[in-house]
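Here's the structure, in structure tokens; my notes come after.
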Amino acid sequence: MAFRFDSTYAGDIADETNLRAIAPETAAAHAALHTGTGKGSDFLGWLTLPRDYDKDEHARIKLAAEKIGRQSQVLVVIGIGGSYLGARAAIEAVQPQEHNGSGNLEVCFAGNSLSPAALSKLLAYCGDKDVSLNVISKSGTTTECAVVFRIFKALLERKYGKAGAAERIYATTEYSQRSKLYELAQQEGYECFLVPDPVGGRYSVLTAVGLLPIAAAGVDTDALLRGARDAMDEYSRSGDLFRNDTLRYAAIRSLYYRAEKKIEFFAAMEPDFALLGEWFKQLFAESEGKDGKGIFPASAVFTTDLHSMGQYVQEGERTLFETLLSVREPAEDVFLTNEPGDPDGLNFLAGKPLSLLNQQALSGTRIAHFDGGVPNLLLEIDRADAYHLGWLIYFFEKSCAVSGYVLGVNPFDQPGVEAYKNNMFALLGKPGYERERAALEARLNKAGSQ
Ligand code: PA5
């Protein structure tokens, strides 16, 4: 088995009696997903994507990735949220030796903030390099992405001329007149890749949204999809939480939530998985945080953050549970040497691999946090490669959907994200927002005068 779910330190809240009591709810959620009868059922494309993805488009993605590698030193991927995090998480998590020869292409990310400092730095970095762009936006209207794309498009047109730039710009979006990006891509002749309608942003990493940047970075997208496919088969077989780890994870999360453990602390034992923590937070926060409900997801890297957040986890408010991620076999290991005279007192570790220290730190942490009142779950994969990452992605997506259904929310919408955008548009003077602008300015002036 490529993946293990260990609930040894899940505690009494998740004991067999409580799991049996909640099992009908996870079974019903699982059935609703598979029959398309739950909330947001227009957005279930991700559920069978590892089997049903467009094979012709995947071939086109691989060709585009090769072309980008031939033409450019830098691929700038412009997108935000679900159109950003999955690709970056995958590229960072998969070990470099699996990167398979798209030359020395560097993949950089932009359009995930409105920071002028970050953008200026990247523009300067790209100045004397050969650059391609992959602009990703399902809706094709997201401000951060559109603004940054406008700036990079101008840079490429100055460098290569309009036609030359069009040869280096790839647009990933929905194929619809609703998408301004799609319309622009048609006009300018950019190669387009599809974000399928029934796949929402945060569930889209296994579409062209993730696959093109991931392939361009040289990561094996066939293996990624194979891992997701094997996970899909494994987690479709049974609606019984004792036979399906996505249901067991969703059930345990729900039990914790009901027992007032409302913060999930996701911690990976590998720094390369830090971005996966960011992807995890988006997936769960946007899927569950609504209707006044939802577990608050936080993330960290251990042992790094045991020296920062560790104190709180051990002794702060007892509202936490942990989900830990460990990789069993490191890509490479490092062995401790023997030092004559044992000046630092570490000779008892001589000849031992660093992976052993990491594993024992994990075991020690699990017991210490459990004893301190923080129950924890362990997810373990054999290797940090594309196959295992694909498995993990599917595991989280399905667990999240089931968990959302058990919570009683629609895990596939994100209505709350509009509020800040509306205020920003109004304050920037977008036509049609005049009334809102006046009201907001009055509030800002009042705040300023206090
Ligand atoms: O999960 C989601 O739907 C969101 O986080 C989106 O991915 C994000 O807002 C970006 O949207 P778009 O791809 O339309 O630019």
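Every chain in the structure tokens has a letter given in the order shown (A, B, ...), and although residue numbers restart at 1 in each chain, ligands are simply numbered from 1 in the order shown.
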Taking a cut-off of 9 Å and counting only C-alpha atoms and all ligand atoms, can you build a table that, for each residue of chain A near ligand 1, reports the nearest atom pair and how far apart they are in Å (one decimal), sorted by chain then residue number, as JSON lines?
{"residue": "A:Gly79", "atom": "CA", "partner": "ligand 1", "partner_atom_place_in_ligand_line": "15 (O)", "distance": 6.3}
{"residue": "A:Ile80", "atom": "CA", "partner": "ligand 1", "partner_atom_place_in_ligand_line": "10 (C)", "distance": 5.0}
{"residue": "A:Gly81", "atom": "CA", "partner": "ligand 1", "partner_atom_place_in_ligand_line": "5 (O)", "distance": 4.0}
{"residue": "A:Gly82", "atom": "CA", "partner": "ligand 1", "partner_atom_place_in_ligand_line": "7 (O)", "distance": 3.3}
{"residue": "A:Ser83", "atom": "CA", "partner": "ligand 1", "partner_atom_place_in_ligand_line": "13 (O)", "distance": 4.8}
{"residue": "A:Tyr84", "atom": "CA", "partner": "ligand 1", "partner_atom_place_in_ligand_line": "7 (O)", "distance": 7.6}
{"residue": "A:Leu85", "atom": "CA", "partner": "ligand 1", "partner_atom_place_in_ligand_line": "7 (O)", "distance": 8.7}
{"residue": "A:Ile136", "atom": "CA", "partner": "ligand 1", "partner_atom_place_in_ligand_line": "13 (O)", "distance": 6.3}
{"residue": "A:Ser137", "atom": "CA", "partner": "ligand 1", "partner_atom_place_in_ligand_line": "13 (O)", "distance": 3.4}
{"residue": "A:Lys138", "atom": "CA", "partner": "ligand 1", "partner_atom_place_in_ligand_line": "13 (O)", "distance": 3.7}
{"residue": "A:Ser139", "atom": "CA", "partner": "ligand 1", "partner_atom_place_in_ligand_line": "14 (O)", "distance": 3.6}
{"residue": "A:Gly140", "atom": "CA", "partner": "ligand 1", "partner_atom_place_in_ligand_line": "14 (O)", "distance": 5.7}
{"residue": "A:Thr141", "atom": "CA", "partner": "ligand 1", "partner_atom_place_in_ligand_line": "15 (O)", "distance": 6.3}
{"residue": "A:Thr142", "atom": "CA", "partner": "ligand 1", "partner_atom_place_in_ligand_line": "15 (O)", "distance": 4.5}
{"residue": "A:Thr143", "atom": "CA", "partner": "ligand 1", "partner_atom_place_in_ligand_line": "15 (O)", "distance": 7.9}
{"residue": "A:Glu144", "atom": "CA", "partner": "ligand 1", "partner_atom_place_in_ligand_line": "15 (O)", "distance": 8.2}
{"residue": "A:Cys145", "atom": "CA", "partner": "ligand 1", "partner_atom_place_in_ligand_line": "15 (O)", "distance": 6.6}
{"residue": "A:Ala146", "atom": "CA", "partner": "ligand 1", "partner_atom_place_in_ligand_line": "15 (O)", "distance": 8.4}
{"residue": "A:Thr172", "atom": "CA", "partner": "ligand 1", "partner_atom_place_in_ligand_line": "13 (O)", "distance": 8.8}
{"residue": "A:Thr173", "atom": "CA", "partner": "ligand 1", "partner_atom_place_in_ligand_line": "13 (O)", "distance": 7.3}
{"residue": "A:Glu174", "atom": "CA", "partner": "ligand 1", "partner_atom_place_in_ligand_line": "14 (O)", "distance": 8.8}
{"residue": "A:Ser179", "atom": "CA", "partner": "ligand 1", "partner_atom_place_in_ligand_line": "14 (O)", "distance": 8.7}
{"residue": "A:Val195", "atom": "CA", "partner": "ligand 1", "partner_atom_place_in_ligand_line": "13 (O)", "distance": 8.6}
{"residue": "A:Val199", "atom": "CA", "partner": "ligand 1", "partner_atom_place_in_ligand_line": "3 (O)", "distance": 8.8}
{"residue": "A:Gly200", "atom": "CA", "partner": "ligand 1", "partner_atom_place_in_ligand_line": "3 (O)", "distance": 5.1}
{"residue": "A:Gly201", "atom": "CA", "partner": "ligand 1", "partner_atom_place_in_ligand_line": "7 (O)", "distance": 3.6}
{"residue": "A:Arg202", "atom": "CA", "partner": "ligand 1", "partner_atom_place_in_ligand_line": "1 (O)", "distance": 3.7}
{"residue": "A:Tyr203", "atom": "CA", "partner": "ligand 1", "partner_atom_place_in_ligand_line": "1 (O)", "distance": 6.9}
{"residue": "A:Ser204", "atom": "CA", "partner": "ligand 1", "partner_atom_place_in_ligand_line": "7 (O)", "distance": 8.1}
{"residue": "A:Val209", "atom": "CA", "partner": "ligand 1", "partner_atom_place_in_ligand_line": "13 (O)", "distance": 8.6}
{"residue": "A:Gln282", "atom": "CA", "partner": "ligand 1", "partner_atom_place_in_ligand_line": "5 (O)", "distance": 7.1}
{"residue": "A:Leu283", "atom": "CA", "partner": "ligand 1", "partner_atom_place_in_ligand_line": "1 (O)", "distance": 7.2}
{"residue": "A:Glu286", "atom": "CA", "partner": "ligand 1", "partner_atom_place_in_ligand_line": "1 (O)", "distance": 6.8}
{"residue": "A:Ser287", "atom": "CA", "partner": "ligand 1", "partner_atom_place_in_ligand_line": "1 (O)", "distance": 8.1}
{"residue": "A:Phe412", "atom": "CA", "partner": "ligand 1", "partner_atom_place_in_ligand_line": "1 (O)", "distance": 7.8}
{"residue": "A:Asp413", "atom": "CA", "partner": "ligand 1", "partner_atom_place_in_ligand_line": "3 (O)", "distance": 7.1}
{"residue": "A:Gln414", "atom": "CA", "partner": "ligand 1", "partner_atom_place_in_ligand_line": "3 (O)", "distance": 6.8}
{"residue": "A:Val417", "atom": "CA", "partner": "ligand 1", "partner_atom_place_in_ligand_line": "9 (O)", "distance": 7.5}
Deliver the residues from the most recent selection as a file, using N, CA, C and O atoms, as a compact mmCIF listing (two decimals), in the first residue's frame.
# COMPACT_ATOMS: atom_id res chain seq x y z
N GLY A 79 -1.43 33.00 -11.56
CA GLY A 79 -2.72 32.51 -11.08
C GLY A 79 -2.77 32.65 -9.57
O GLY A 79 -1.75 32.92 -8.92
N ILE A 80 -3.94 32.43 -9.01
CA ILE A 80 -4.10 32.58 -7.55
C ILE A 80 -5.05 31.50 -7.03
O ILE A 80 -5.87 30.97 -7.80
N GLY A 81 -4.95 31.19 -5.75
CA GLY A 81 -5.84 30.19 -5.13
C GLY A 81 -5.68 28.84 -5.79
O GLY A 81 -4.56 28.35 -5.99
N GLY A 82 -6.80 28.27 -6.20
CA GLY A 82 -6.76 26.96 -6.84
C GLY A 82 -6.04 26.97 -8.17
O GLY A 82 -5.64 25.93 -8.69
N SER A 83 -5.83 28.15 -8.74
CA SER A 83 -5.10 28.25 -10.01
C SER A 83 -3.62 28.51 -9.77
O SER A 83 -2.92 29.00 -10.66
N TYR A 84 -3.15 28.18 -8.57
CA TYR A 84 -1.74 28.45 -8.21
C TYR A 84 -1.17 27.37 -7.28
O TYR A 84 -0.13 26.76 -7.56
N LEU A 85 -1.90 27.12 -6.17
CA LEU A 85 -1.28 26.40 -5.07
C LEU A 85 -0.92 24.95 -5.38
O LEU A 85 0.12 24.45 -4.95
N ILE A 136 -3.32 31.33 -15.74
CA ILE A 136 -4.32 30.34 -15.34
C ILE A 136 -5.44 31.03 -14.56
O ILE A 136 -5.19 31.62 -13.49
N SER A 137 -6.64 30.96 -15.08
CA SER A 137 -7.78 31.47 -14.33
C SER A 137 -9.03 30.81 -14.88
O SER A 137 -9.36 30.99 -16.05
N LYS A 138 -9.70 30.03 -14.03
CA LYS A 138 -10.89 29.33 -14.52
C LYS A 138 -11.92 30.35 -14.99
O LYS A 138 -12.43 30.27 -16.10
N SER A 139 -12.20 31.33 -14.13
CA SER A 139 -13.22 32.33 -14.49
C SER A 139 -12.72 33.27 -15.57
O SER A 139 -13.50 33.85 -16.31
N GLY A 140 -11.39 33.43 -15.62
CA GLY A 140 -10.81 34.36 -16.60
C GLY A 140 -11.06 35.81 -16.26
O GLY A 140 -10.90 36.69 -17.12
N THR A 141 -11.43 36.08 -15.01
CA THR A 141 -11.73 37.46 -14.63
C THR A 141 -11.07 37.87 -13.30
O THR A 141 -11.32 38.97 -12.81
N THR A 142 -10.27 37.00 -12.71
CA THR A 142 -9.74 37.29 -11.38
C THR A 142 -8.73 38.44 -11.43
O THR A 142 -7.79 38.42 -12.23
N THR A 143 -8.93 39.44 -10.57
CA THR A 143 -8.17 40.69 -10.67
C THR A 143 -6.66 40.48 -10.56
O THR A 143 -5.89 40.98 -11.39
N GLU A 144 -6.23 39.79 -9.49
CA GLU A 144 -4.78 39.64 -9.27
C GLU A 144 -4.12 39.07 -10.52
O GLU A 144 -3.07 39.53 -10.98
N CYS A 145 -4.75 38.03 -11.04
CA CYS A 145 -4.20 37.33 -12.20
C CYS A 145 -4.22 38.22 -13.44
O CYS A 145 -3.22 38.34 -14.16
N ALA A 146 -5.35 38.90 -13.67
CA ALA A 146 -5.49 39.71 -14.88
C ALA A 146 -4.52 40.89 -14.88
O ALA A 146 -3.90 41.20 -15.90
N THR A 172 -4.82 28.92 -19.53
CA THR A 172 -5.61 27.81 -18.98
C THR A 172 -6.86 28.42 -18.36
O THR A 172 -6.75 29.19 -17.40
N THR A 173 -8.03 28.08 -18.91
CA THR A 173 -9.26 28.75 -18.49
C THR A 173 -10.47 27.94 -18.94
O THR A 173 -10.31 26.90 -19.58
N GLU A 174 -11.66 28.39 -18.55
CA GLU A 174 -12.85 27.72 -19.10
C GLU A 174 -13.08 28.22 -20.52
O GLU A 174 -12.77 29.38 -20.83
N SER A 179 -15.32 34.01 -19.85
CA SER A 179 -13.92 34.20 -19.49
C SER A 179 -13.27 35.23 -20.40
O SER A 179 -13.06 34.99 -21.59
N VAL A 195 -10.08 24.35 -18.24
CA VAL A 195 -10.48 23.99 -16.87
C VAL A 195 -11.93 23.52 -17.00
O VAL A 195 -12.82 24.32 -17.27
N VAL A 199 -15.18 21.09 -12.50
CA VAL A 199 -14.06 20.98 -11.55
C VAL A 199 -13.77 22.38 -10.99
O VAL A 199 -13.33 23.27 -11.72
N GLY A 200 -14.01 22.56 -9.70
CA GLY A 200 -13.79 23.86 -9.07
C GLY A 200 -12.30 24.12 -8.88
O GLY A 200 -11.48 23.18 -8.89
N GLY A 201 -11.94 25.39 -8.68
CA GLY A 201 -10.54 25.79 -8.61
C GLY A 201 -9.68 24.94 -7.69
O GLY A 201 -8.65 24.41 -8.10
N ARG A 202 -10.10 24.78 -6.43
CA ARG A 202 -9.24 24.09 -5.47
C ARG A 202 -9.20 22.58 -5.67
O ARG A 202 -8.44 21.89 -5.00
N TYR A 203 -10.04 22.07 -6.57
CA TYR A 203 -10.02 20.63 -6.89
C TYR A 203 -9.40 20.40 -8.28
O TYR A 203 -9.58 19.34 -8.86
N SER A 204 -8.67 21.43 -8.80
CA SER A 204 -8.31 21.38 -10.22
C SER A 204 -6.85 21.05 -10.50
O SER A 204 -6.41 21.11 -11.65
N VAL A 209 -4.65 22.96 -15.18
CA VAL A 209 -4.27 23.99 -14.20
C VAL A 209 -2.97 23.60 -13.50
O VAL A 209 -2.03 24.40 -13.39
N GLN A 282 -6.11 25.81 1.75
CA GLN A 282 -7.11 26.37 0.83
C GLN A 282 -8.23 25.37 0.61
O GLN A 282 -9.42 25.72 0.64
N LEU A 283 -7.85 24.12 0.37
CA LEU A 283 -8.85 23.09 0.08
C LEU A 283 -9.89 23.02 1.20
O LEU A 283 -11.10 23.08 0.96
N GLU A 286 -11.73 26.80 2.20
CA GLU A 286 -12.76 27.27 1.26
C GLU A 286 -13.91 26.28 1.15
O GLU A 286 -15.03 26.66 0.82
N SER A 287 -13.61 25.01 1.43
CA SER A 287 -14.67 24.01 1.28
C SER A 287 -15.58 23.96 2.51
O SER A 287 -16.78 23.75 2.40
N PHE A 412 -18.19 22.84 -2.39
CA PHE A 412 -17.70 23.20 -3.72
C PHE A 412 -17.95 24.66 -4.10
O PHE A 412 -17.68 25.05 -5.22
N ASP A 413 -18.49 25.45 -3.19
CA ASP A 413 -18.63 26.87 -3.51
C ASP A 413 -17.78 27.70 -2.56
O ASP A 413 -17.16 27.17 -1.63
N GLN A 414 -17.68 29.00 -2.80
CA GLN A 414 -16.88 29.90 -1.95
C GLN A 414 -17.48 31.29 -2.02
O GLN A 414 -16.81 32.25 -2.44
N VAL A 417 -15.78 34.68 -0.70
CA VAL A 417 -14.59 35.30 -1.28
C VAL A 417 -14.94 36.61 -2.00
O VAL A 417 -14.09 37.47 -2.22
Checklist line | Residues flagged strand (DSSP E or B) by DSSP in segment 148-224 of chain A, as a VMD selection string | finding: chain A and resid 169 to 173 191 to 194
Output the selection as a tab-separated table (two decimals), in the first residue's frame - C-alpha atoms for each residue.
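And here's selection14.tsv as it stands now:
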chain	number	residue	atom	x	y	z
A	169	ILE	CA	1.89	32.43	-23.85
A	170	TYR	CA	-0.38	29.58	-22.74
A	171	ALA	CA	-3.83	30.26	-21.31
A	172	THR	CA	-5.61	27.81	-18.98
A	173	THR	CA	-9.26	28.75	-18.49
A	191	GLU	CA	-2.57	27.98	-27.07
A	192	CYS	CA	-5.42	27.21	-24.67
A	193	PHE	CA	-5.99	24.49	-22.09
A	194	LEU	CA	-9.31	23.77	-20.46
Notebook entry, point to check: For Phe302 of chain A, which residue among A:Glu157, A:Glu436, A:Glu322, A:Asp56 is the nearest when counting only C-alpha atoms?
Noted result: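 Between A:Glu157, A:Glu436, A:Glu322, A:Asp56, the residue approaching Phe302 of chain A most closely is A:Glu322.
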Check: Contacts of Pro116 of chain A at 10 Å or less, counting only C-alpha atoms, minus same-chain residues fewer than 5 places along, as a list of chain:residue names?
Finding: A:Lys121, A:Leu122, A:Val148
I need the residues from that last selection saved to file as a tab-separated table (two decimals), in the first residue's frame (with N, CA, C and O atoms), if you can.
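What ended up in selection_17.tsv:
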chain	number	residue	atom	x	y	z
A	121	LYS	N	10.36	42.56	-8.30
A	121	LYS	CA	11.51	41.66	-8.17
A	121	LYS	C	11.50	40.63	-9.29
A	121	LYS	O	12.50	40.36	-9.94
A	122	LEU	N	10.32	40.06	-9.52
A	122	LEU	CA	10.23	39.01	-10.54
A	122	LEU	C	10.44	39.59	-11.95
A	122	LEU	O	11.11	38.98	-12.78
A	148	VAL	N	-1.61	41.19	-13.29
A	148	VAL	CA	-0.22	40.75	-13.44
A	148	VAL	C	0.01	40.22	-14.85
A	148	VAL	O	1.08	40.44	-15.44
Margin query: Under the rule that only C-alpha atoms are counted, which of A:Glu339, A:Glu441, A:Asp245, A:Glu315 is the nearest residue to Ser7 of chain A?
Written below: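 Smallest separation from Ser7 of chain A among the options: A:Asp245.
Residue nearest Val77 of chain A within the list A:Glu92, A:Ala217, A:Ala401, A:Arg51: A:Ala217 [criterion: smallest interatomic distance, only C-alpha atoms].
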Item checked: Best match for closeness to Met309 of chain A among A:Leu346, A:Gln187, A:Cys108, A:Phe266, counting only C-alpha atoms -> A:Phe266
Next item on the list: In Å, rounded to a single decimal, give me how far atom CA of Asn376 of chain A is from atom CA of Leu324 of chain A.
Entry: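 Pair atom CA of Leu324 of chain A / atom CA of Asn376 of chain A returns 7.2 Å.
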Notebook entry, point to check: How many Å separate atom CA of Asp12 of chain A from atom CA of Val409 of chain A?
Noted result: 26.1 Å
Note to self: Let's see if you can do this: from backbone DSSP, list all alpha helix (DSSP H) residues in segment 180-246 of chain A, as a VMD selection string.
What the structure shows: chain A and resid 180 to 188 208 to 216 221 to 234 245 to 246
